[in-house]
Amino acid sequence: MHISRVQVEEGFLNGLDLYLPPGLIAIIGARGTGKTSLVELIRYALKAPNHTVDAAKASIEHAQAVLGDGEIAVTLEDLLDEVHVSRTAYDEHSNASDFYLPPLIFSQKEIETVALTDQGRLSLIDSFVKDDSSDQSSEASIKNNIGLISRSIKSVVDEIDQLSSGINELPALRSLAQSLEKESLRVSLSSEDNNKRQVLLTDLTDKIIDYKLSEDYISRFVTQVQKVTKALSTEFDNSIFLEEWQTDVGRDPIPLLKHQFAAAVTKLTDTKRTLSDISAKADIAKQQIQDMRIEVEAQARSVRVEIEKIIEGAGQTSRQLSSIKNKIAQLEATEKNIKDRKSRLHSLHQQRNDLLDTLERIRSVRYSKRSDIAKKLNANLGPKIDIRIDRFGQYEYYAAALIAAFRGSGIRYNDLANVIVENVSPRELVHCVDTEDYAKLSNLTGITKDRAARAIASLKGTDLSSILVVNIEDSVVLQLLDGLEYKDVSKLSAGQRCTVILSIVLQHDDRTLIIDQPEDHIDNAFISETLIKSLRSRSKNSQIIVTTHNANIPVLGNASMIIQLVSDGRNATVEVCEKVDHPDSIRAITSIMEGGMQAFRDRAQFYADHQLP
């Protein structure tokens with residue numbers, strides 16, 4: 001799609017209404033006439049991204065200042081469709097009639113600085129990637145689910161740790177219970193009457209154990225109900241306010257949705273009441289069982305007293321055996337709960353691993369796409385320009401997430417974090433922490449086992465989901481052949497960097513390009529030999545909008561339209577909007593870009609008088 005119309009209401013460019021064709025469109029004018037302002041307004045309306053973080057904030061502030069209380073409207077079209085987009089200075093997002101792919105826009109500053117940052121170089125390559133919004137949406141969803149599962153894993157691990165407390169007493173308790181049972185049996189055999197009481201006491205003890213297990217089970221059930229109830233925040237009921245439609249401005253546009261919303265809110269409210277009712281009834285059931293247990297315990301005490309009267313010490317043995325059996329039963333129930341949670345933990349780990357595999361596949365495909373783009377660009381621009389994609393070249397976000405996790409641990413983590421991020425992937429690190437495999441971490445990083453153990457201990461209790469999903473981005477290496485050797489873009493002059501960037505940017509032929517003053521920092525030789533050649537070789541259906549002070553660009557580039565902006569200091573207006581060969585366009589180019597007709601004729605005579613052999 002190309003930009004077919006731009007309209008501005010209010011602000012510095014108030015009243016601007018341009019109809020734009022495909023091809024090269026040159027926006028000219030003296031400094032301060034609004035050329036850059038027009039570019040930034042188009043970027044603002046279409047939410048075309050900046051290529052550096054610093055430039056993004058400046059672009060929005062520039063556009064909003066120029067727009068004032070007004071609105072910018074942009075129409076995009078191709079052979080079949082037309083999309084209308086508008087935005088005011090107060091709109092957080094653009095208002096669009098349909099989906100569209102925003103143009104690529106490079107400000108004057110971005111052309112010079114985009115190659116100096118990892119993000120800038122990467123965005124330059126990614127601008128050639130066909131729409132990957134579905135992949136980005138999928139990746140965001142996967143990362144969110146990994147975070148949710150990781151928090152569930154931590155919760156289950158914490159539960160297992162809590163439940164495991166005292167579980168190692170089971171073998172000793174079972175052994176003691178066997179001894180006490182033998183002693184109880186010896187006592188019960190001493191008389192027939194006492195034997196009956198022992199049988200009754202055993203039956204009562206079993207009932208007490210059953211009641212106690214039931215109480216514990218209900219307590220765990222109530223805990224789960226309360227978790228769900230808490231998730232439905234207590235602020236929920238008081239924070240919902242549905243605005244009434246103003247009937248005097250027409251028919252309500254969303255009556256069905258409002259009805260569905262109200263029904264959903266009612267269901268949520270009913271659900272909260274139901275959960276509260278369930279919790280209350282469970283507490284009543286627990287109290288009833290507790291009352292029965294207390295009654296049976298009283299009976300058991302009475303029987304033990306009778307047994308003690310018959311045989312001295314027998315009641316104490318029975319009481320001790322009852323207590324130990326009760327504890328064993330509780331620990332065995334806990335043991336089963338631990339087993340169930342370990343099974344749940346295994347399932348959660350498997351789900352997370354599956355999501356991580358999918359996440360890695362998405363990122364691998366993205367790397368392959370970037371590598372393919374680099375190969376195509378090298379084929380077109382080589383050997384003068386060389387582009388290379390290095391997998392996993394940017395560790396900054398990984399290091400930042402790891403340092404945040406270490407912070408407050410009391411260990412020296414800055415150098416440790418650097419060692420880890422350079423040798424251990426996020427997934428490997430989290431696995432080492434989950435399994436407490438300090439030996440593996442030591443082998444991977446070369447740090448001592450003691451230091452690895454302390455690192456794992458400090459990370460064990462933290463939420464590692466941010467580390468697990470962190471993206472170690474690919475790195476883009478740009479080089480320019482300078483003489484007989486390649487120089488990295490960071491070591492080039494501003495003009496050489498612009499040469500590299502513009503050469504790459506101009507390879508776009510299927511998206512509208514908007515470039516603000518591309519001639520800055522580059523020489524006329526590059527303009528005539530490379531820039532003009534690229535402009536003339538572009539498809540007639542493609543569109544490139546250029547603000548410029550260099551006459552060679554619109555003239556030699558065979559511009560399809562010349563737009564001249566003028567300003568009285570308060571407002572900018574369109575003085576000329578014609579084809580390049582129109583007399584008004586010729587006058588504008590001659591007067592503004594050539595210094596006037598006489599200056600143009602003087603230079604022409606100079607070249608004629610000093611022809612090169």
# chains A, B, ... in the order shown; residues from 1 in each chain; ligands from 1
>>> select_by_dssp(residues="region 16-167 of chain A", states="strand (DSSP E)", output="PDB file with C-alpha atoms, in the first residue's frame")
ATOM      1  CA  ASP A  17      -4.301  18.367   2.074  1.00  0.00           C
ATOM      2  CA  LEU A  18      -1.991  16.395  -0.215  1.00  0.00           C
ATOM      3  CA  TYR A  19      -2.843  13.737  -2.807  1.00  0.00           C
ATOM      4  CA  GLY A  23       6.986   6.855  -7.258  1.00  0.00           C
ATOM      5  CA  LEU A  24       9.475   9.371  -5.883  1.00  0.00           C
ATOM      6  CA  ILE A  25       7.936  12.324  -4.055  1.00  0.00           C
ATOM      7  CA  ALA A  26      10.364  15.127  -3.157  1.00  0.00           C
ATOM      8  CA  ILE A  27       9.395  17.534  -0.395  1.00  0.00           C
ATOM      9  CA  ILE A  28      11.433  20.709  -0.673  1.00  0.00           C
ATOM     10  CA  GLU A  71      -5.759  15.843  13.888  1.00  0.00           C
ATOM     11  CA  ILE A  72      -3.748  14.118  11.185  1.00  0.00           C
ATOM     12  CA  ALA A  73      -5.510  11.807   8.710  1.00  0.00           C
ATOM     13  CA  VAL A  74      -3.694   9.520   6.274  1.00  0.00           C
ATOM     14  CA  THR A  75      -5.204   7.392   3.518  1.00  0.00           C
ATOM     15  CA  LEU A  76      -3.368   4.351   2.200  1.00  0.00           C
ATOM     16  CA  GLU A  77      -4.390   2.422  -0.886  1.00  0.00           C
ATOM     17  CA  GLU A  82      -8.210   1.689   0.881  1.00  0.00           C
ATOM     18  CA  VAL A  83      -7.427   2.243   4.556  1.00  0.00           C
ATOM     19  CA  HIS A  84      -8.156   5.439   6.498  1.00  0.00           C
ATOM     20  CA  VAL A  85      -6.065   6.248   9.571  1.00  0.00           C
ATOM     21  CA  SER A  86      -6.370   9.242  11.884  1.00  0.00           C
ATOM     22  CA  ARG A  87      -4.946  10.380  15.207  1.00  0.00           C
ATOM     23  CA  THR A  88      -5.103  13.430  17.453  1.00  0.00           C
ATOM     24  CA  ASN A  95      -7.844   4.972  14.577  1.00  0.00           C
ATOM     25  CA  ALA A  96      -7.706   2.750  11.484  1.00  0.00           C
ATOM     26  CA  LEU A 104       9.516   2.634   6.916  1.00  0.00           C
ATOM     27  CA  ILE A 105      10.543   6.088   8.125  1.00  0.00           C
ATOM     28  CA  PHE A 106      14.070   7.255   8.808  1.00  0.00           C
TER      29      PHE A 106
END
>>> closest_atom_pairs(of="region 492-529 of chain A", to="region 113-134 of chain A", cutoff="12 Å", atoms="only C-alpha atoms", output="CSV")
residue,atom,partner,partner_atom,distance
A:Leu492,CA,A:Leu116,CA,10.0
A:Ser493,CA,A:Thr113,CA,11.0
A:Ala494,CA,A:Thr113,CA,8.2
A:Gly495,CA,A:Thr113,CA,10.8
A:Gln496,CA,A:Ala115,CA,10.8
A:Arg497,CA,A:Ala115,CA,7.0
A:Cys498,CA,A:Thr113,CA,8.4
A:Thr499,CA,A:Ala115,CA,10.9
A:Val500,CA,A:Ala115,CA,8.7
A:Ile501,CA,A:Ala115,CA,7.2
A:Leu502,CA,A:Leu124,CA,10.5
A:Ser503,CA,A:Leu124,CA,11.4
A:Ile504,CA,A:Leu124,CA,8.1
A:Val505,CA,A:Leu124,CA,7.6
A:Leu506,CA,A:Phe128,CA,11.1
A:Gln507,CA,A:Phe128,CA,9.0
A:His508,CA,A:Phe128,CA,7.2
A:Asp509,CA,A:Phe128,CA,9.9
A:Asp510,CA,A:Phe128,CA,9.4
A:Arg511,CA,A:Phe128,CA,9.3
A:Thr512,CA,A:Ser127,CA,11.6
A:Leu513,CA,A:Ser127,CA,11.0
A:His521,CA,A:Thr113,CA,11.6
>>> residues_around(residues="Leu348 (chain A)", least_positions_apart="6", cutoff="8 Å", atoms="only C-alpha atoms", output="list in words")
Ile149, Ser152 and Ile153 of chain A
>>> residues_around(residues="region 51-64 of chain A", least_positions_apart="5", cutoff="6 Å", atoms="only C-alpha atoms", output="list in words")
Glu40, Leu41, Ala89 and Gly120 of chain A
>>> closest_residue(among="A:Lys491, A:Arg407, A:Lys212, A:Lys533", to="Gln288 (chain A)", atoms="only C-alpha atoms")
A:Lys212
>>> atom_distance(atom1="CA of Ser155 (chain A)", atom2="CA of Gln351 (chain A)")
15.6 Å
>>> atom_distance(atom1="CA of Ile385 (chain A)", atom2="CA of Thr530 (chain A)")
12.6 Å
>>> residues_around(residues="Asp516 (chain A)", least_positions_apart="6", cutoff="12 Å", atoms="only C-alpha atoms", output="VMD selection string")
chain A and resid 25 to 28 34 to 40 42 to 43 104 to 112 502 544 to 550
>>> write_last_selection(atoms="N, CA, C and O atoms", output="short mmCIF file (atom, residue, chain, number, x, y, z; two decimals), in the first residue's frame")
data_model
loop_
_atom_site.label_atom_id
_atom_site.label_comp_id
_atom_site.auth_asym_id
_atom_site.auth_seq_id
_atom_site.Cartn_x
_atom_site.Cartn_y
_atom_site.Cartn_z
N ILE A 25 8.55 11.05 -4.41
CA ILE A 25 7.94 12.32 -4.05
C ILE A 25 8.98 13.13 -3.28
O ILE A 25 9.46 12.69 -2.23
N ALA A 26 9.35 14.29 -3.79
CA ALA A 26 10.36 15.13 -3.16
C ALA A 26 9.69 16.30 -2.47
O ALA A 26 8.95 17.07 -3.09
N ILE A 27 9.93 16.41 -1.17
CA ILE A 27 9.39 17.53 -0.39
C ILE A 27 10.53 18.52 -0.20
O ILE A 27 11.56 18.19 0.41
N ILE A 28 10.36 19.73 -0.72
CA ILE A 28 11.43 20.71 -0.67
C ILE A 28 10.94 21.97 0.03
O ILE A 28 9.75 22.14 0.28
N GLY A 34 8.65 23.12 7.64
CA GLY A 34 7.78 22.01 8.06
C GLY A 34 8.03 20.69 7.38
O GLY A 34 7.20 19.77 7.49
N LYS A 35 9.16 20.52 6.70
CA LYS A 35 9.42 19.26 5.99
C LYS A 35 9.54 18.10 6.99
O LYS A 35 8.87 17.07 6.86
N THR A 36 10.39 18.30 7.99
CA THR A 36 10.55 17.25 9.01
C THR A 36 9.27 17.07 9.82
O THR A 36 8.91 15.96 10.20
N SER A 37 8.58 18.15 10.07
CA SER A 37 7.32 18.08 10.82
C SER A 37 6.30 17.21 10.09
O SER A 37 5.58 16.42 10.72
N LEU A 38 6.23 17.35 8.77
CA LEU A 38 5.31 16.53 7.99
C LEU A 38 5.68 15.05 8.11
O LEU A 38 4.81 14.18 8.27
N VAL A 39 6.98 14.76 8.03
CA VAL A 39 7.44 13.37 8.17
C VAL A 39 7.04 12.80 9.53
O VAL A 39 6.52 11.69 9.63
N GLU A 40 7.26 13.57 10.59
CA GLU A 40 6.96 13.08 11.93
C GLU A 40 5.46 12.96 12.17
O GLU A 40 5.02 12.09 12.93
N ILE A 42 3.29 12.06 9.82
CA ILE A 42 2.92 10.80 9.15
C ILE A 42 3.33 9.61 10.00
O ILE A 42 2.57 8.65 10.16
N ARG A 43 4.53 9.68 10.56
CA ARG A 43 4.99 8.60 11.45
C ARG A 43 4.02 8.45 12.64
O ARG A 43 3.64 7.34 13.02
N LEU A 104 8.23 2.54 6.22
CA LEU A 104 9.52 2.63 6.92
C LEU A 104 9.95 4.09 6.87
O LEU A 104 10.07 4.68 5.78
N ILE A 105 10.19 4.67 8.04
CA ILE A 105 10.54 6.09 8.12
C ILE A 105 11.88 6.23 8.83
O ILE A 105 12.09 5.66 9.91
N PHE A 106 12.75 6.99 8.23
CA PHE A 106 14.07 7.26 8.81
C PHE A 106 14.26 8.76 8.92
O PHE A 106 14.27 9.47 7.92
N SER A 107 14.40 9.21 10.15
CA SER A 107 14.66 10.63 10.36
C SER A 107 16.11 10.93 10.02
O SER A 107 16.93 10.03 9.85
N GLN A 108 16.40 12.20 9.95
CA GLN A 108 17.76 12.64 9.63
C GLN A 108 18.77 12.08 10.64
O GLN A 108 19.83 11.58 10.28
N LYS A 109 18.40 12.11 11.92
CA LYS A 109 19.29 11.63 12.97
C LYS A 109 19.42 10.11 12.93
O LYS A 109 20.51 9.57 13.16
N GLU A 110 18.32 9.42 12.65
CA GLU A 110 18.35 7.95 12.64
C GLU A 110 19.27 7.40 11.57
O GLU A 110 19.94 6.39 11.78
N ILE A 111 19.30 8.03 10.42
CA ILE A 111 20.17 7.55 9.34
C ILE A 111 21.62 7.53 9.82
O ILE A 111 22.39 6.62 9.50
N GLU A 112 21.96 8.52 10.63
CA GLU A 112 23.34 8.64 11.09
C GLU A 112 23.64 7.71 12.26
O GLU A 112 24.74 7.17 12.37
N LEU A 502 21.87 3.83 4.06
CA LEU A 502 21.03 4.17 2.91
C LEU A 502 21.07 3.08 1.84
O LEU A 502 20.05 2.78 1.21
N ILE A 544 8.42 6.29 -2.54
CA ILE A 544 9.43 6.77 -1.62
C ILE A 544 9.27 8.28 -1.49
O ILE A 544 9.19 9.00 -2.50
N ILE A 545 9.14 8.74 -0.26
CA ILE A 545 8.96 10.16 0.03
C ILE A 545 10.24 10.67 0.66
O ILE A 545 10.73 10.10 1.65
N VAL A 546 10.80 11.72 0.09
CA VAL A 546 12.09 12.23 0.52
C VAL A 546 12.00 13.73 0.77
O VAL A 546 11.48 14.47 -0.08
N THR A 547 12.46 14.17 1.93
CA THR A 547 12.66 15.60 2.12
C THR A 547 14.13 15.88 1.79
O THR A 547 15.01 15.12 2.20
N THR A 548 14.38 16.92 1.05
CA THR A 548 15.75 17.12 0.57
C THR A 548 16.04 18.58 0.24
O THR A 548 15.13 19.37 -0.07
N HIS A 549 17.35 18.90 0.30
CA HIS A 549 17.85 20.20 -0.16
C HIS A 549 18.74 20.01 -1.39
O HIS A 549 19.31 20.98 -1.88
N ASN A 550 18.86 18.77 -1.86
CA ASN A 550 19.76 18.47 -2.98
C ASN A 550 18.94 18.30 -4.25
O ASN A 550 18.11 17.39 -4.37
#
>>> residues_around(residues="region 206-209 of chain A", least_positions_apart="6", cutoff="10 Å", atoms="only C-alpha atoms", output="ChimeraX atom specification")
/A:200,215,289-290,292-297,300,322-323,325-330
>>> residues_around(residues="Ser425 (chain A)", least_positions_apart="5", cutoff="9 Å", atoms="only C-alpha atoms", output="ChimeraX atom specification")
/A:420,430,468,472
>>> write_last_selection(atoms="C-alpha atoms", output="short mmCIF file (atom, residue, chain, number, x, y, z; two decimals), in the first residue's frame")
data_model
loop_
_atom_site.label_atom_id
_atom_site.label_comp_id
_atom_site.auth_asym_id
_atom_site.auth_seq_id
_atom_site.Cartn_x
_atom_site.Cartn_y
_atom_site.Cartn_z
CA ILE A 420 27.07 -17.36 33.69
CA VAL A 430 17.01 -22.77 35.55
CA LEU A 468 13.73 -18.44 31.56
CA ILE A 472 19.22 -13.57 23.81
#
>>> closest_residue(among="A:Phe241, A:Lys376, A:Lys460, A:Thr229", to="Val265 (chain A)", atoms="only C-alpha atoms")
A:Phe241
